[in-house]
Amino acid sequence: MAKVKTIGILTSGGDAPGMNAAIRAVVRKAISNGVAVKGIKKGYQGLLNEEIIDMNARSVSDTIQRGGTILGTARCMEFMTEEGQSKGAQICKKHGIEGMVVIGGDGSYRGAQALSRHGINTIGLPGTIDLDIACTDYTIGFDTAVNTAMEAIDKVRDTSSSHERCSIIEVMGRNAGYIALWCGVANGAEDILLPETYDYNEQAIINNIIRNRKRGKTHHLIINAEGIGHSTSMARRIEAATGIETRATILGYMQRGGSPTCKDRYYASIMGAYAADILCAGSTNRVVAYKGGKFVDFDIEEALEMQKGISDYEYQVSKCLAI
């Protein structure tokens, strides 16, 4: 028998394709376990505002293919305070919510950890396009986002080649360069600029462009991570230094949207079901992960202490393939 009678679910932080698949799985698996589900709109802000709705199997019908999150999301400064966290837990208890599934990134996990300290069982699901959660090899939304970016870069590369330009394409990733690295390799970029590795030696990029032009390359593709940014001013400097027409394209929030890929739908569904099962069984302060080919869970505190960086081997391969 389930150890809890009612659970809540919310999405927090940046939205990611596949979140709806995870919501759907949590709701339907919990119901199959005999547990009621309440949805919290607009993340922790919605919890503090008591924007809480009852959910059933029909509530999540026709949602698995939709991007974004049907529950909405928002950032909430108040929930970062002890007073806000205590208030959130009291609201959960007022509505009979004994457990909570939180879908989001590291910041969302800290909120889940706080709810757990205040007596609300919590399970985290890794929902972020950045792939920057250390305890898991997969995060909900990354596969869709990187494929969206890859397809857009292919299109820009076509016109860049036609006009014999240098193109700087900026992808998302404020602190993590996984989208940039994957697209750099998949799109055959000549230069990849990552927050984890970039030394801000712009002259080296300029030299590479000139060297490649002398070798007969008619266009040059630079993938730039959001954490480095300044793509437009970089393009102006490169054009002035090389005499080669240079254009910057910032893909921006289009990477967050769109119908999720099969991988994001499938993995998010299994993770959501897993979260519902362990929450209904009485687990708390855990985060669901995909590690070493298996769906597993970690203590949230342990997960937050883990560190993740760009593989040096993969980065070196990306440079080798760009020759």
# chains A, B, ... in the order shown; residues from 1 in each chain; ligands from 1
$ residues_around --residues "Glu302 in chain A" --least-positions-apart "6" --cutoff "10 Å" --atoms "only C-alpha atoms" --output "PDB file with N, CA and C atoms, in the first residue's frame"
ATOM      1  N   CYS A 135      24.734  14.295 -11.288  1.00  0.00           N
ATOM      2  CA  CYS A 135      24.405  12.924 -10.888  1.00  0.00           C
ATOM      3  C   CYS A 135      23.779  12.098 -12.001  1.00  0.00           C
ATOM      4  N   ARG A 286      15.143  12.711  -2.427  1.00  0.00           N
ATOM      5  CA  ARG A 286      15.838  11.940  -3.453  1.00  0.00           C
ATOM      6  C   ARG A 286      15.714  12.638  -4.804  1.00  0.00           C
ATOM      7  N   VAL A 287      16.645  12.351  -5.700  1.00  0.00           N
ATOM      8  CA  VAL A 287      16.573  12.831  -7.067  1.00  0.00           C
ATOM      9  C   VAL A 287      16.722  11.635  -8.001  1.00  0.00           C
TER      10      VAL A 287
END
$ select_by_dssp --residues "range 206-278 of chain A" --states "alpha helix (DSSP H)" --output "number ranges by chain"
A: 206-214, 231-242, 262-278
$ write_last_selection --atoms "N, CA and C atoms" --output "mmCIF file, in the first residue's frame"
data_model
loop_
_atom_site.group_PDB
_atom_site.id
_atom_site.type_symbol
_atom_site.label_atom_id
_atom_site.label_comp_id
_atom_site.auth_asym_id
_atom_site.auth_seq_id
_atom_site.Cartn_x
_atom_site.Cartn_y
_atom_site.Cartn_z
ATOM 1 N N ILE A 206 40.981 34.200 -35.038
ATOM 2 C CA ILE A 206 41.264 34.966 -36.260
ATOM 3 C C ILE A 206 42.340 34.267 -37.097
ATOM 4 N N ASN A 207 43.388 33.810 -36.429
ATOM 5 C CA ASN A 207 44.458 33.101 -37.144
ATOM 6 C C ASN A 207 43.937 31.829 -37.801
ATOM 7 N N ASN A 208 43.043 31.130 -37.111
ATOM 8 C CA ASN A 208 42.467 29.887 -37.644
ATOM 9 C C ASN A 208 41.623 30.176 -38.883
ATOM 10 N N ILE A 209 40.852 31.255 -38.841
ATOM 11 C CA ILE A 209 40.022 31.636 -39.991
ATOM 12 C C ILE A 209 40.906 31.943 -41.206
ATOM 13 N N ILE A 210 41.953 32.752 -40.983
ATOM 14 C CA ILE A 210 42.856 33.117 -42.084
ATOM 15 C C ILE A 210 43.571 31.885 -42.632
ATOM 16 N N ARG A 211 44.022 31.018 -41.740
ATOM 17 C CA ARG A 211 44.723 29.794 -42.154
ATOM 18 C C ARG A 211 43.799 28.906 -42.983
ATOM 19 N N ASN A 212 42.566 28.752 -42.561
ATOM 20 C CA ASN A 212 41.621 27.911 -43.296
ATOM 21 C C ASN A 212 41.262 28.514 -44.654
ATOM 22 N N ARG A 213 41.168 29.836 -44.718
ATOM 23 C CA ARG A 213 40.857 30.487 -45.998
ATOM 24 C C ARG A 213 41.999 30.265 -46.989
ATOM 25 N N LYS A 214 43.218 30.333 -46.506
ATOM 26 C CA LYS A 214 44.376 30.080 -47.378
ATOM 27 C C LYS A 214 44.411 28.639 -47.876
ATOM 28 N N SER A 231 28.350 37.703 -29.145
ATOM 29 C CA SER A 231 28.605 37.190 -30.495
ATOM 30 C C SER A 231 28.601 38.285 -31.551
ATOM 31 N N THR A 232 27.716 39.273 -31.402
ATOM 32 C CA THR A 232 27.623 40.336 -32.402
ATOM 33 C C THR A 232 28.887 41.185 -32.425
ATOM 34 N N SER A 233 29.380 41.591 -31.257
ATOM 35 C CA SER A 233 30.611 42.393 -31.216
ATOM 36 C C SER A 233 31.813 41.555 -31.642
ATOM 37 N N MET A 234 31.800 40.279 -31.325
ATOM 38 C CA MET A 234 32.873 39.384 -31.770
ATOM 39 C C MET A 234 32.899 39.313 -33.289
ATOM 40 N N ALA A 235 31.719 39.236 -33.904
ATOM 41 C CA ALA A 235 31.636 39.172 -35.371
ATOM 42 C C ALA A 235 32.224 40.428 -36.007
ATOM 43 N N ARG A 236 31.929 41.584 -35.412
ATOM 44 C CA ARG A 236 32.474 42.839 -35.961
ATOM 45 C C ARG A 236 34.001 42.859 -35.878
ATOM 46 N N ARG A 237 34.545 42.393 -34.762
ATOM 47 C CA ARG A 237 35.994 42.393 -34.600
ATOM 48 C C ARG A 237 36.666 41.418 -35.570
ATOM 49 N N ILE A 238 36.058 40.254 -35.751
ATOM 50 C CA ILE A 238 36.633 39.263 -36.660
ATOM 51 C C ILE A 238 36.601 39.771 -38.103
ATOM 52 N N GLU A 239 35.493 40.402 -38.486
ATOM 53 C CA GLU A 239 35.401 40.937 -39.856
ATOM 54 C C GLU A 239 36.448 42.027 -40.085
ATOM 55 N N ALA A 240 36.635 42.882 -39.068
ATOM 56 C CA ALA A 240 37.627 43.952 -39.207
ATOM 57 C C ALA A 240 39.042 43.389 -39.321
ATOM 58 N N ALA A 241 39.304 42.300 -38.598
ATOM 59 C CA ALA A 241 40.657 41.736 -38.577
ATOM 60 C C ALA A 241 40.961 40.879 -39.796
ATOM 61 N N THR A 242 39.936 40.247 -40.374
ATOM 62 C CA THR A 242 40.168 39.299 -41.477
ATOM 63 C C THR A 242 39.743 39.815 -42.838
ATOM 64 N N CYS A 262 11.597 11.622 -29.358
ATOM 65 C CA CYS A 262 11.214 10.328 -28.784
ATOM 66 C C CYS A 262 12.012 10.053 -27.507
ATOM 67 N N LYS A 263 13.307 10.353 -27.539
ATOM 68 C CA LYS A 263 14.144 10.093 -26.355
ATOM 69 C C LYS A 263 13.660 10.901 -25.166
ATOM 70 N N ASP A 264 13.378 12.187 -25.366
ATOM 71 C CA ASP A 264 12.903 12.997 -24.251
ATOM 72 C C ASP A 264 11.543 12.522 -23.741
ATOM 73 N N ARG A 265 10.675 12.112 -24.626
ATOM 74 C CA ARG A 265 9.364 11.596 -24.184
ATOM 75 C C ARG A 265 9.522 10.301 -23.398
ATOM 76 N N TYR A 266 10.357 9.403 -23.903
ATOM 77 C CA TYR A 266 10.503 8.087 -23.282
ATOM 78 C C TYR A 266 11.211 8.190 -21.928
ATOM 79 N N TYR A 267 12.390 8.836 -21.915
ATOM 80 C CA TYR A 267 13.151 8.930 -20.673
ATOM 81 C C TYR A 267 12.374 9.700 -19.605
ATOM 82 N N ALA A 268 11.734 10.798 -20.010
ATOM 83 C CA ALA A 268 10.958 11.583 -19.047
ATOM 84 C C ALA A 268 9.799 10.765 -18.487
ATOM 85 N N SER A 269 9.199 9.938 -19.329
ATOM 86 C CA SER A 269 8.083 9.099 -18.868
ATOM 87 C C SER A 269 8.545 8.066 -17.835
ATOM 88 N N ILE A 270 9.664 7.409 -18.122
ATOM 89 C CA ILE A 270 10.176 6.403 -17.173
ATOM 90 C C ILE A 270 10.622 7.073 -15.882
ATOM 91 N N MET A 271 11.296 8.203 -15.993
ATOM 92 C CA MET A 271 11.728 8.923 -14.793
ATOM 93 C C MET A 271 10.531 9.382 -13.956
ATOM 94 N N GLY A 272 9.496 9.875 -14.634
ATOM 95 C CA GLY A 272 8.310 10.325 -13.911
ATOM 96 C C GLY A 272 7.624 9.191 -13.167
ATOM 97 N N ALA A 273 7.509 8.052 -13.828
ATOM 98 C CA ALA A 273 6.901 6.883 -13.184
ATOM 99 C C ALA A 273 7.740 6.421 -11.999
ATOM 100 N N TYR A 274 9.059 6.422 -12.182
ATOM 101 C CA TYR A 274 9.994 6.030 -11.110
ATOM 102 C C TYR A 274 9.828 6.967 -9.912
ATOM 103 N N ALA A 275 9.756 8.266 -10.177
ATOM 104 C CA ALA A 275 9.588 9.247 -9.098
ATOM 105 C C ALA A 275 8.293 9.013 -8.331
ATOM 106 N N ALA A 276 7.205 8.764 -9.064
ATOM 107 C CA ALA A 276 5.922 8.511 -8.410
ATOM 108 C C ALA A 276 5.985 7.271 -7.536
ATOM 109 N N ASP A 277 6.631 6.229 -8.028
ATOM 110 C CA ASP A 277 6.709 4.978 -7.271
ATOM 111 C C ASP A 277 7.467 5.138 -5.964
ATOM 112 N N ILE A 278 8.649 5.767 -6.021
ATOM 113 C CA ILE A 278 9.428 5.865 -4.785
ATOM 114 C C ILE A 278 8.820 6.882 -3.821
#
$ select_by_dssp --residues "range 88-167 of chain A" --states "strand (DSSP E or B)" --output "MDAnalysis selection string"
chainID A and resid 99:104 121:127 140 166:167
$ residues_around --residues "range 42-51 of chain A" --least-positions-apart "2" --cutoff "8 Å" --atoms "only C-alpha atoms" --output "number ranges by chain"
A: 10-13, 40, 53, 71-76, 78-79, 84, 87-88, 91-92
$ residues_around --residues "Gly188 in chain A" --least-positions-apart "3" --cutoff "7 Å" --atoms "only C-alpha atoms" --output "list of chain:residue names"
A:Gly184, A:Val185, A:Ala322
$ residues_around --residues "Thr6 in chain A" --least-positions-apart "6" --cutoff "9 Å" --atoms "only C-alpha atoms" --output "list in words"
Ala30, Val35, Ala36, Val37, Lys38, Gly96, Ile97, Glu98, Gly99, Met100 and Cys280 of chain A
$ closest_atom_pairs --of "range 157-249 of chain A" --to "range 117-134 of chain A" --cutoff "8 Å" --atoms "only C-alpha atoms" --output "Markdown table"
| residue | atom | partner | partner_atom | distance |
| --- | --- | --- | --- | --- |
| A:Met172 | CA | A:Asp130 | CA | 7.6 |
| A:Gly173 | CA | A:Asp130 | CA | 6.0 |
| A:Ala176 | CA | A:Asp132 | CA | 6.2 |
| A:Gly177 | CA | A:Asp130 | CA | 7.7 |
| A:Tyr178 | CA | A:Asp130 | CA | 6.6 |
| A:Ile179 | CA | A:Asp130 | CA | 6.8 |
$ closest_residue --among "A:Met77, A:Thr69, A:Gly293, A:Arg24" --to "Ala57 in chain A" --atoms "only C-alpha atoms"
A:Arg24
$ closest_atom_pairs --of "range 169-197 of chain A" --to "range 313-320 of chain A" --cutoff "12 Å" --atoms "only C-alpha atoms" --output "Markdown table"
| residue | atom | partner | partner_atom | distance |
| --- | --- | --- | --- | --- |
| A:Gly177 | CA | A:Tyr315 | CA | 10.4 |
| A:Tyr178 | CA | A:Tyr315 | CA | 10.2 |
| A:Ala180 | CA | A:Tyr315 | CA | 10.8 |
| A:Leu181 | CA | A:Tyr315 | CA | 7.4 |
| A:Trp182 | CA | A:Ser318 | CA | 8.9 |
| A:Cys183 | CA | A:Ser318 | CA | 10.1 |
| A:Gly184 | CA | A:Ser318 | CA | 7.3 |
| A:Val185 | CA | A:Ser318 | CA | 5.7 |
| A:Ala186 | CA | A:Ser318 | CA | 9.4 |
| A:Asn187 | CA | A:Ser318 | CA | 10.7 |
| A:Gly188 | CA | A:Ser318 | CA | 8.7 |
| A:Ala189 | CA | A:Ser318 | CA | 8.6 |
| A:Glu190 | CA | A:Lys319 | CA | 7.8 |
| A:Asp191 | CA | A:Lys319 | CA | 7.5 |
| A:Ile192 | CA | A:Ser318 | CA | 8.0 |
| A:Leu193 | CA | A:Tyr315 | CA | 10.4 |
| A:Leu194 | CA | A:Tyr315 | CA | 9.5 |
| A:Glu196 | CA | A:Tyr315 | CA | 10.3 |
| A:Thr197 | CA | A:Tyr315 | CA | 8.9 |
$ atom_distance --atom1 "CA of Asn285 in chain A" --atom2 "CA of Asn20 in chain A"
22.2 Å
$ atom_distance --atom1 "CA of Asp199 in chain A" --atom2 "CA of Gly309 in chain A"
16.0 Å
